[in-house]
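Raw query_38.txt, compact mmCIF, C-alpha atoms:
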```txt
# COMPACT_ATOMS: atom_id res chain seq x y z
CA MET V 1382 271.38 121.98 78.91
CA SER V 1383 274.67 121.66 80.73
CA ASP V 1384 274.58 121.55 84.51
CA GLN V 1385 278.28 122.32 84.60
CA LEU V 1386 280.01 125.63 84.02
CA LYS V 1387 281.40 125.54 80.48
CA PRO V 1388 282.10 129.18 79.66
CA LYS V 1389 281.97 130.25 76.06
CA PHE V 1390 285.07 132.41 75.89
CA ASP V 1391 285.27 134.82 72.98
CA ILE V 1392 288.04 135.02 70.40
CA ASN V 1393 290.20 136.77 73.01
CA GLY V 1394 289.53 134.11 75.61
CA LEU V 1395 287.21 136.33 77.65
CA ILE V 1396 283.71 136.40 79.06
CA THR V 1397 281.95 139.46 80.43
CA ALA V 1398 281.46 139.84 84.17
CA VAL V 1399 278.94 142.18 85.79
CA ALA V 1400 279.57 142.97 89.45
CA VAL V 1401 276.49 143.60 91.59
CA ASP V 1402 276.52 145.08 95.09
CA ASP V 1403 275.22 142.44 97.49
CA VAL V 1404 273.78 145.09 99.80
CA THR V 1405 272.04 147.45 97.38
CA GLY V 1406 271.62 145.21 94.33
CA ASP V 1407 273.14 147.99 92.20
CA ILE V 1408 275.42 147.20 89.30
CA LEU V 1409 278.89 148.34 90.30
CA MET V 1410 281.01 147.69 87.21
CA LEU V 1411 281.47 145.59 84.12
CA ALA V 1412 284.76 143.87 83.32
CA HIS V 1413 286.11 140.68 81.78
CA MET V 1414 287.45 137.34 82.95
CA ASN V 1415 289.60 134.79 81.22
CA GLU V 1416 289.62 131.15 82.29
CA GLU V 1417 292.27 131.78 84.94
CA ALA V 1418 290.45 134.78 86.42
CA LEU V 1419 287.18 132.88 86.59
CA ALA V 1420 288.84 129.93 88.31
CA ALA V 1421 290.66 132.22 90.75
CA THR V 1422 287.41 134.00 91.60
CA LEU V 1423 285.65 130.72 92.40
CA GLU V 1424 288.61 129.23 94.27
CA THR V 1425 289.66 132.21 96.36
CA GLY V 1426 286.34 134.04 96.77
CA ARG V 1427 288.17 137.25 95.80
CA VAL V 1428 286.84 138.59 92.54
CA THR V 1429 289.55 138.50 89.90
CA TYR V 1430 289.30 139.93 86.40
CA TYR V 1431 291.50 139.99 83.34
CA SER V 1432 292.73 143.46 82.50
CA ARG V 1433 292.56 143.95 78.76
CA SER V 1434 294.68 147.10 78.94
CA ARG V 1435 297.41 145.54 81.09
CA GLN V 1436 296.92 142.10 79.57
CA SER V 1437 297.23 140.44 82.95
CA LEU V 1438 295.26 138.97 85.81
CA TRP V 1439 293.69 141.68 87.96
CA VAL V 1440 292.77 140.84 91.52
CA LYS V 1441 290.24 143.63 92.12
CA GLY V 1442 291.43 145.90 94.92
CA GLU V 1443 294.89 144.38 95.14
CA THR V 1444 296.50 147.80 95.07
CA SER V 1445 293.57 150.07 96.06
CA GLY V 1446 292.23 147.88 98.85
CA HIS V 1447 288.81 148.12 97.22
CA ILE V 1448 288.35 144.38 97.11
CA GLN V 1449 285.29 142.43 96.06
CA GLU V 1450 284.40 139.41 98.15
CA LEU V 1451 282.37 136.91 96.15
CA VAL V 1452 278.93 136.22 97.58
CA GLY V 1453 277.49 134.34 94.61
CA MET V 1454 277.85 133.86 90.88
CA ARG V 1455 275.33 133.33 88.10
CA VAL V 1456 275.85 132.47 84.47
CA ASP V 1457 273.61 133.30 81.55
CA CYS V 1458 271.91 130.93 79.10
CA ASP V 1459 274.73 130.82 76.57
CA GLN V 1460 277.49 130.97 79.20
CA ASP V 1461 279.32 133.98 77.81
CA ALA V 1462 278.54 136.25 80.75
CA VAL V 1463 278.51 135.97 84.53
CA ILE V 1464 277.11 138.05 87.34
CA VAL V 1465 279.26 138.24 90.45
CA ARG V 1466 277.40 139.34 93.55
CA VAL V 1467 279.97 140.96 95.83
CA LYS V 1468 280.68 142.56 99.13
CA GLN V 1469 282.40 145.70 97.87
CA THR V 1470 284.97 147.42 100.06
CA GLY V 1471 285.10 151.14 99.21
CA ALA V 1472 284.63 152.28 95.65
CA ALA V 1473 284.27 149.91 92.71
CA CYS V 1474 285.07 152.71 90.23
CA HIS V 1475 288.61 153.97 89.72
CA LEU V 1476 287.16 157.51 89.88
CA GLY V 1477 286.29 156.95 93.51
CA ARG V 1478 282.60 156.43 92.87
CA ARG V 1479 280.76 153.51 94.40
CA SER V 1480 279.60 152.39 90.95
CA CYS V 1481 281.04 153.06 87.50
CA PHE V 1482 277.48 153.74 86.32
CA PHE V 1483 277.05 157.09 88.04
CA ARG V 1484 275.70 159.01 85.06
CA ALA V 1485 272.23 158.83 83.59
CA VAL V 1486 271.84 159.25 79.83
CA GLU V 1487 269.01 161.53 78.80
CA PRO V 1488 267.18 161.00 75.50
CA ASP V 1489 269.13 163.87 73.91
CA GLY V 1490 272.47 162.36 74.97
CA ASN V 1491 273.11 164.63 77.91
CA LEU V 1492 274.71 162.94 80.91
CA VAL V 1493 273.47 163.69 84.40
CA ASP V 1494 275.44 162.79 87.50
CA ILE V 1495 273.47 160.61 89.90
CA ALA V 1496 273.65 161.53 93.55
CA GLU V 1497 274.74 158.60 95.66
CA ALA V 1498 273.34 157.57 98.99
CA MET F 751 284.73 164.46 82.14
CA SER F 752 282.31 164.64 79.25
CA ASP F 753 278.73 165.57 80.03
CA GLN F 754 277.65 164.21 76.67
CA LEU F 755 277.24 160.63 75.61
CA LYS F 756 280.32 159.71 73.57
CA PRO F 757 280.31 155.93 73.50
CA LYS F 758 283.62 154.14 73.13
CA PHE F 759 282.68 151.51 70.58
CA ASP F 760 285.01 148.52 70.34
CA ILE F 761 286.81 147.32 67.23
CA ASN F 762 283.51 145.81 66.03
CA GLY F 763 281.62 149.05 66.64
CA LEU F 764 279.85 147.74 69.72
CA ILE F 765 279.29 148.55 73.36
CA THR F 766 277.87 146.20 75.97
CA ALA F 767 274.35 146.71 77.25
CA VAL F 768 272.99 145.23 80.47
CA ALA F 769 269.21 145.13 80.77
CA VAL F 770 267.77 145.50 84.27
CA ASP F 771 264.16 144.83 85.23
CA ASP F 772 262.62 148.09 86.39
CA VAL F 773 260.30 146.28 88.79
CA THR F 774 262.61 143.79 90.48
CA GLY F 775 266.01 145.36 89.80
CA ASP F 776 267.23 141.98 88.53
CA ILE F 777 269.60 141.74 85.60
CA LEU F 778 267.63 140.26 82.70
CA MET F 779 270.22 139.88 79.95
CA LEU F 780 273.39 141.17 78.43
CA ALA F 781 273.71 142.09 74.77
CA HIS F 782 275.40 144.61 72.48
CA MET F 783 274.54 147.84 70.74
CA ASN F 784 276.11 149.57 67.80
CA GLU F 785 275.70 153.29 67.22
CA GLU F 786 272.44 152.82 65.33
CA ALA F 787 270.94 150.54 68.00
CA LEU F 788 271.87 152.95 70.77
CA ALA F 789 270.34 155.88 68.90
CA ALA F 790 267.18 153.90 68.12
CA THR F 791 266.83 152.90 71.77
CA LEU F 792 267.03 156.52 72.90
CA GLU F 793 264.80 157.85 70.14
CA THR F 794 262.05 155.25 70.19
CA GLY F 795 262.13 154.13 73.81
CA ARG F 796 262.08 150.54 72.55
CA VAL F 797 265.29 148.78 73.48
CA THR F 798 267.19 147.84 70.34
CA TYR F 799 270.36 145.78 70.19
CA TYR F 800 272.76 144.70 67.50
CA SER F 801 272.68 140.96 66.90
CA ARG F 802 276.23 139.72 66.43
CA SER F 803 275.01 136.37 65.10
CA ARG F 804 272.59 137.85 62.58
CA GLN F 805 274.74 140.95 62.03
CA SER F 806 271.72 143.20 62.04
CA LEU F 807 269.70 145.54 64.18
CA TRP F 808 267.55 143.67 66.67
CA VAL F 809 264.48 145.39 68.09
CA LYS F 810 264.05 143.26 71.20
CA GLY F 811 260.70 141.47 71.10
CA GLU F 812 259.94 142.40 67.51
CA THR F 813 259.05 138.80 66.67
CA SER F 814 258.39 137.33 70.14
CA GLY F 815 256.43 140.26 71.50
CA HIS F 816 258.74 140.26 74.51
CA ILE F 817 259.58 143.92 74.16
CA GLN F 818 261.63 146.08 76.46
CA GLU F 819 260.35 149.58 77.09
CA LEU F 820 263.15 151.92 78.11
CA VAL F 821 262.72 153.48 81.55
CA GLY F 822 266.21 154.88 81.94
CA MET F 823 269.78 154.49 80.76
CA ARG F 824 273.12 154.84 82.51
CA VAL F 825 276.62 154.83 81.12
CA ASP F 826 279.81 153.78 82.86
CA CYS F 827 282.93 155.82 83.51
CA ASP F 828 284.72 154.93 80.28
CA GLN F 829 281.54 154.86 78.19
CA ASP F 830 281.94 151.37 76.82
CA ALA F 831 278.91 149.93 78.62
CA VAL F 832 275.35 151.01 79.33
CA ILE F 833 272.63 149.84 81.65
CA VAL F 834 269.12 149.96 80.26
CA ARG F 835 266.40 149.87 82.87
CA VAL F 836 263.35 148.36 81.21
CA LYS F 837 259.74 147.39 81.51
CA GLN F 838 260.01 143.81 80.28
CA THR F 839 257.03 142.18 78.60
CA GLY F 840 257.16 138.42 79.11
CA ALA F 841 260.51 136.64 79.12
CA ALA F 842 263.81 138.33 78.37
CA CYS F 843 265.53 135.00 77.72
CA HIS F 844 264.97 133.08 74.49
CA LEU F 845 264.56 129.95 76.66
CA GLY F 846 261.38 131.42 78.09
CA ARG F 847 262.95 132.40 81.39
CA ARG F 848 262.39 135.84 82.82
CA SER F 849 266.16 136.38 83.03
CA CYS F 850 269.01 134.77 81.11
CA PHE F 851 270.86 134.48 84.42
CA PHE F 852 268.73 131.68 85.89
CA ARG F 853 271.57 129.43 87.01
CA ALA F 854 273.84 129.87 90.01
CA VAL F 855 277.45 128.74 89.74
CA GLU F 856 278.71 126.82 92.74
CA PRO F 857 282.38 126.94 93.73
CA ASP F 858 282.96 123.49 92.16
CA GLY F 859 281.45 124.61 88.84
CA ASN F 860 278.09 122.94 89.28
CA LEU F 861 275.12 124.94 87.99
CA VAL F 862 271.94 125.15 90.01
CA ASP F 863 268.67 126.35 88.53
CA ILE F 864 267.20 129.29 90.43
CA ALA F 865 263.52 129.14 91.18
CA GLU F 866 261.73 132.22 89.92
CA ALA F 867 259.07 134.16 91.71
```
As structure tokens, please, write out the structure in this file.
Amino acid sequence: MSDQLKPKFDINGLITAVAVDDVTGDILMLAHMNEEALAATLETGRVTYYSRSRQSLWVKGETSGHIQELVGMRVDCDQDAVIVRVKQTGAACHLGRRSCFFRAVEPDGNLVDIAEA
Amino acid sequence: MSDQLKPKFDINGLITAVAVDDVTGDILMLAHMNEEALAATLETGRVTYYSRSRQSLWVKGETSGHIQELVGMRVDCDQDAVIVRVKQTGAACHLGRRSCFFRAVEPDGNLVDIAEA
């Protein structure tokens, strides 16, 4: 098995990135990175994604100030997904919530808002 | 905002699912669900994915015995990703590792195997 990062980008040139809060261990958000975003994240220590809607590089928090400072990165067995462990400033979610995953799904499909600490 | 689960499936009819170990809180793996897999997961409590390679429903652990019992599910703000919190039997990774994310990525792109507890 490779001991070098050799990401398996999908047909759109992307891998999936899961951001985890370094303090709480909670999953904050899920987004995507292209080769440039991944390299920028590792080089600058500022987590950078690729925005599929804007079709451009997206330095997280560049406009909102809600930056993500890279603490560590992991890659999965088939190298098509990474975890970025981050120091999150402010809210990761564009709705102002700490995490994008602020709703629990009940077995019947009802969504329940999770109170945050 | 909707208080009902209304997943935003992609062009292939899939959403991303991140499995988290209920005991440790660690991310175990990342996979995909179609509408049928998502419904089966909620109905049966056995985490079920859609295998993109086999193009079929994939009841996790059906052959290996390494099942995932659903403890809870969360959905993100735009409903294109879910977290499944699971009781994992055995290894989540097909390589026999507890988690698929067993390698750290160093800034220079080197991968370092993470010792497991």
Query - Between CA of Arg1466 in chain V and CA of Ile1408 in chain V, distance in Å (one decimal) - result: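 For CA of Arg1466 in chain V relative to CA of Ile1408 in chain V, the distance reads 9.2 Å.
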Show me, as a compact mmCIF listing (two decimals) with C-alpha atoms, in the frame of the given file, every residue of chain F with an atom at most 7 Å from chain V, counting all atoms listed in the file.
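File produced: selection.txt:
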```txt
# COMPACT_ATOMS: atom_id res chain seq x y z
CA ASP F 753 278.73 165.57 80.03
CA GLN F 754 277.65 164.21 76.67
CA LEU F 755 277.24 160.63 75.61
CA LEU F 792 267.03 156.52 72.90
CA GLU F 793 264.80 157.85 70.14
CA MET F 823 269.78 154.49 80.76
CA ARG F 824 273.12 154.84 82.51
CA VAL F 825 276.62 154.83 81.12
CA ASP F 826 279.81 153.78 82.86
CA CYS F 827 282.93 155.82 83.51
CA CYS F 850 269.01 134.77 81.11
CA PHE F 851 270.86 134.48 84.42
CA PHE F 852 268.73 131.68 85.89
CA ARG F 853 271.57 129.43 87.01
CA ALA F 854 273.84 129.87 90.01
CA VAL F 855 277.45 128.74 89.74
CA PRO F 857 282.38 126.94 93.73
CA GLY F 859 281.45 124.61 88.84
CA ASN F 860 278.09 122.94 89.28
CA LEU F 861 275.12 124.94 87.99
```
**Report entry** CA of Glu866 in chain F to CA of Ala841 in chain F, straight-line distance in Å
**Finding:** 11.7 Å
**Report entry** Shell around Gly815 in chain F at 12 Å using all atoms listed in the file, local window under 6 positions removed, as a ChimeraX atom specification
**Finding:** /F:796,809,838-842,844
**Report entry** From V:Ala1400, V:Gln1449, V:Phe1390, V:His1413, residue lying nearest Ser1434 in chain V [only C-alpha atoms]
**Finding:** V:His1413
Report task. Name the residues in contact with Lys837 in chain F at a cut-off of 7 Å, using all atoms listed in the file, excluding same-chain residues fewer than 2 positions from it; report them as an NGL selection string. Result -> :F and (771-772 or 818-821 or 839)
For range 1423-1465 of chain V, write N, CA and C atoms out as an mmCIF file, in the first residue's frame.
```cif
data_model
loop_
_atom_site.group_PDB
_atom_site.id
_atom_site.type_symbol
_atom_site.label_atom_id
_atom_site.label_comp_id
_atom_site.auth_asym_id
_atom_site.auth_seq_id
_atom_site.Cartn_x
_atom_site.Cartn_y
_atom_site.Cartn_z
ATOM 1 N N LEU V 1423 -2.748 21.722 2.692
ATOM 2 C CA LEU V 1423 -1.524 21.185 3.301
ATOM 3 C C LEU V 1423 -0.422 22.243 3.368
ATOM 4 N N GLU V 1424 -0.340 23.089 2.365
ATOM 5 C CA GLU V 1424 0.744 24.074 2.310
ATOM 6 C C GLU V 1424 0.517 25.250 3.243
ATOM 7 N N THR V 1425 -0.733 25.718 3.300
ATOM 8 C CA THR V 1425 -1.010 26.939 4.059
ATOM 9 C C THR V 1425 -1.503 26.654 5.477
ATOM 10 N N GLY V 1426 -2.031 25.440 5.711
ATOM 11 C CA GLY V 1426 -2.621 25.146 7.006
ATOM 12 C C GLY V 1426 -3.994 25.778 7.186
ATOM 13 N N ARG V 1427 -4.491 26.439 6.155
ATOM 14 C CA ARG V 1427 -5.857 26.980 6.151
ATOM 15 C C ARG V 1427 -6.688 26.076 5.261
ATOM 16 N N VAL V 1428 -7.754 25.522 5.847
ATOM 17 C CA VAL V 1428 -8.520 24.536 5.086
ATOM 18 C C VAL V 1428 -9.211 25.204 3.892
ATOM 19 N N THR V 1429 -8.985 24.604 2.743
ATOM 20 C CA THR V 1429 -9.457 25.140 1.472
ATOM 21 C C THR V 1429 -10.217 24.050 0.736
ATOM 22 N N TYR V 1430 -11.425 24.381 0.297
ATOM 23 C CA TYR V 1430 -12.256 23.429 -0.425
ATOM 24 C C TYR V 1430 -12.403 23.877 -1.877
ATOM 25 N N TYR V 1431 -13.116 23.047 -2.630
ATOM 26 C CA TYR V 1431 -13.530 23.449 -3.970
ATOM 27 C C TYR V 1431 -15.046 23.579 -3.933
ATOM 28 N N SER V 1432 -15.533 24.754 -4.261
ATOM 29 C CA SER V 1432 -16.978 24.979 -4.266
ATOM 30 C C SER V 1432 -17.565 24.473 -5.579
ATOM 31 N N ARG V 1433 -18.423 23.455 -5.468
ATOM 32 C CA ARG V 1433 -19.032 22.907 -6.674
ATOM 33 C C ARG V 1433 -20.050 23.883 -7.263
ATOM 34 N N SER V 1434 -20.717 24.654 -6.390
ATOM 35 C CA SER V 1434 -21.707 25.599 -6.908
ATOM 36 C C SER V 1434 -21.029 26.794 -7.592
ATOM 37 N N ARG V 1435 -19.960 27.283 -6.982
ATOM 38 C CA ARG V 1435 -19.265 28.438 -7.577
ATOM 39 C C ARG V 1435 -18.178 28.012 -8.551
ATOM 40 N N GLN V 1436 -17.889 26.720 -8.558
ATOM 41 C CA GLN V 1436 -16.828 26.181 -9.420
ATOM 42 C C GLN V 1436 -15.516 26.936 -9.247
ATOM 43 N N SER V 1437 -15.135 27.117 -7.990
ATOM 44 C CA SER V 1437 -13.873 27.809 -7.724
ATOM 45 C C SER V 1437 -13.324 27.399 -6.365
ATOM 46 N N LEU V 1438 -12.055 27.706 -6.169
ATOM 47 C CA LEU V 1438 -11.403 27.430 -4.899
ATOM 48 C C LEU V 1438 -12.111 28.227 -3.799
ATOM 49 N N TRP V 1439 -12.198 27.631 -2.622
ATOM 50 C CA TRP V 1439 -12.988 28.223 -1.534
ATOM 51 C C TRP V 1439 -12.164 28.101 -0.256
ATOM 52 N N VAL V 1440 -11.467 29.202 0.057
ATOM 53 C CA VAL V 1440 -10.741 29.239 1.322
ATOM 54 C C VAL V 1440 -11.781 29.455 2.414
ATOM 55 N N LYS V 1441 -12.033 28.408 3.198
ATOM 56 C CA LYS V 1441 -13.105 28.449 4.198
ATOM 57 C C LYS V 1441 -12.919 29.647 5.131
ATOM 58 N N GLY V 1442 -13.958 30.461 5.247
ATOM 59 C CA GLY V 1442 -13.910 31.610 6.152
ATOM 60 C C GLY V 1442 -13.301 32.867 5.553
ATOM 61 N N GLU V 1443 -12.967 32.807 4.289
ATOM 62 C CA GLU V 1443 -12.302 33.956 3.648
ATOM 63 C C GLU V 1443 -13.168 35.208 3.727
ATOM 64 N N THR V 1444 -14.465 35.029 3.546
ATOM 65 C CA THR V 1444 -15.346 36.192 3.644
ATOM 66 C C THR V 1444 -16.013 36.294 5.019
ATOM 67 N N SER V 1445 -16.370 35.149 5.609
ATOM 68 C CA SER V 1445 -17.094 35.154 6.894
ATOM 69 C C SER V 1445 -16.173 35.317 8.095
ATOM 70 N N GLY V 1446 -14.896 35.025 7.908
ATOM 71 C CA GLY V 1446 -13.977 35.008 9.045
ATOM 72 C C GLY V 1446 -13.998 33.701 9.809
ATOM 73 N N HIS V 1447 -14.894 32.819 9.422
ATOM 74 C CA HIS V 1447 -15.029 31.526 10.121
ATOM 75 C C HIS V 1447 -14.049 30.509 9.537
ATOM 76 N N ILE V 1448 -12.785 30.801 9.776
ATOM 77 C CA ILE V 1448 -11.728 29.987 9.182
ATOM 78 C C ILE V 1448 -11.555 28.659 9.893
ATOM 79 N N GLN V 1449 -10.901 27.759 9.193
ATOM 80 C CA GLN V 1449 -10.544 26.451 9.756
ATOM 81 C C GLN V 1449 -9.035 26.297 9.661
ATOM 82 N N GLU V 1450 -8.405 26.207 10.815
ATOM 83 C CA GLU V 1450 -6.959 26.012 10.872
ATOM 84 C C GLU V 1450 -6.697 24.507 10.941
ATOM 85 N N LEU V 1451 -5.903 24.024 10.031
ATOM 86 C CA LEU V 1451 -5.642 22.587 9.958
ATOM 87 C C LEU V 1451 -4.796 22.124 11.138
ATOM 88 N N VAL V 1452 -5.310 21.116 11.841
ATOM 89 C CA VAL V 1452 -4.545 20.503 12.931
ATOM 90 C C VAL V 1452 -3.938 19.186 12.450
ATOM 91 N N GLY V 1453 -4.696 18.433 11.670
ATOM 92 C CA GLY V 1453 -4.186 17.173 11.141
ATOM 93 C C GLY V 1453 -5.099 16.658 10.051
ATOM 94 N N MET V 1454 -4.552 15.807 9.201
ATOM 95 C CA MET V 1454 -5.331 15.232 8.109
ATOM 96 C C MET V 1454 -5.147 13.720 8.110
ATOM 97 N N ARG V 1455 -6.224 13.024 7.776
ATOM 98 C CA ARG V 1455 -6.144 11.577 7.557
ATOM 99 C C ARG V 1455 -6.776 11.246 6.210
ATOM 100 N N VAL V 1456 -6.339 10.141 5.661
ATOM 101 C CA VAL V 1456 -6.901 9.700 4.383
ATOM 102 C C VAL V 1456 -7.414 8.273 4.551
ATOM 103 N N ASP V 1457 -8.438 7.929 3.796
ATOM 104 C CA ASP V 1457 -8.996 6.582 3.967
ATOM 105 C C ASP V 1457 -8.293 5.570 3.074
ATOM 106 N N CYS V 1458 -8.691 4.314 3.212
ATOM 107 C CA CYS V 1458 -7.977 3.194 2.572
ATOM 108 C C CYS V 1458 -7.854 3.356 1.069
ATOM 109 N N ASP V 1459 -8.917 3.821 0.406
ATOM 110 C CA ASP V 1459 -8.846 3.940 -1.045
ATOM 111 C C ASP V 1459 -8.566 5.373 -1.509
ATOM 112 N N GLN V 1460 -8.208 6.217 -0.573
ATOM 113 C CA GLN V 1460 -7.746 7.587 -0.867
ATOM 114 C C GLN V 1460 -8.733 8.419 -1.698
ATOM 115 N N ASP V 1461 -10.027 8.231 -1.435
ATOM 116 C CA ASP V 1461 -10.980 9.133 -2.075
ATOM 117 C C ASP V 1461 -11.717 10.003 -1.059
ATOM 118 N N ALA V 1462 -11.209 9.995 0.180
ATOM 119 C CA ALA V 1462 -11.798 10.848 1.208
ATOM 120 C C ALA V 1462 -10.739 11.206 2.242
ATOM 121 N N VAL V 1463 -10.826 12.416 2.755
ATOM 122 C CA VAL V 1463 -9.923 12.839 3.830
ATOM 123 C C VAL V 1463 -10.741 13.379 5.000
ATOM 124 N N ILE V 1464 -10.152 13.254 6.173
ATOM 125 C CA ILE V 1464 -10.663 13.944 7.352
ATOM 126 C C ILE V 1464 -9.704 15.095 7.630
ATOM 127 N N VAL V 1465 -10.237 16.286 7.806
ATOM 128 C CA VAL V 1465 -9.409 17.395 8.272
ATOM 129 C C VAL V 1465 -9.836 17.727 9.696
#
```
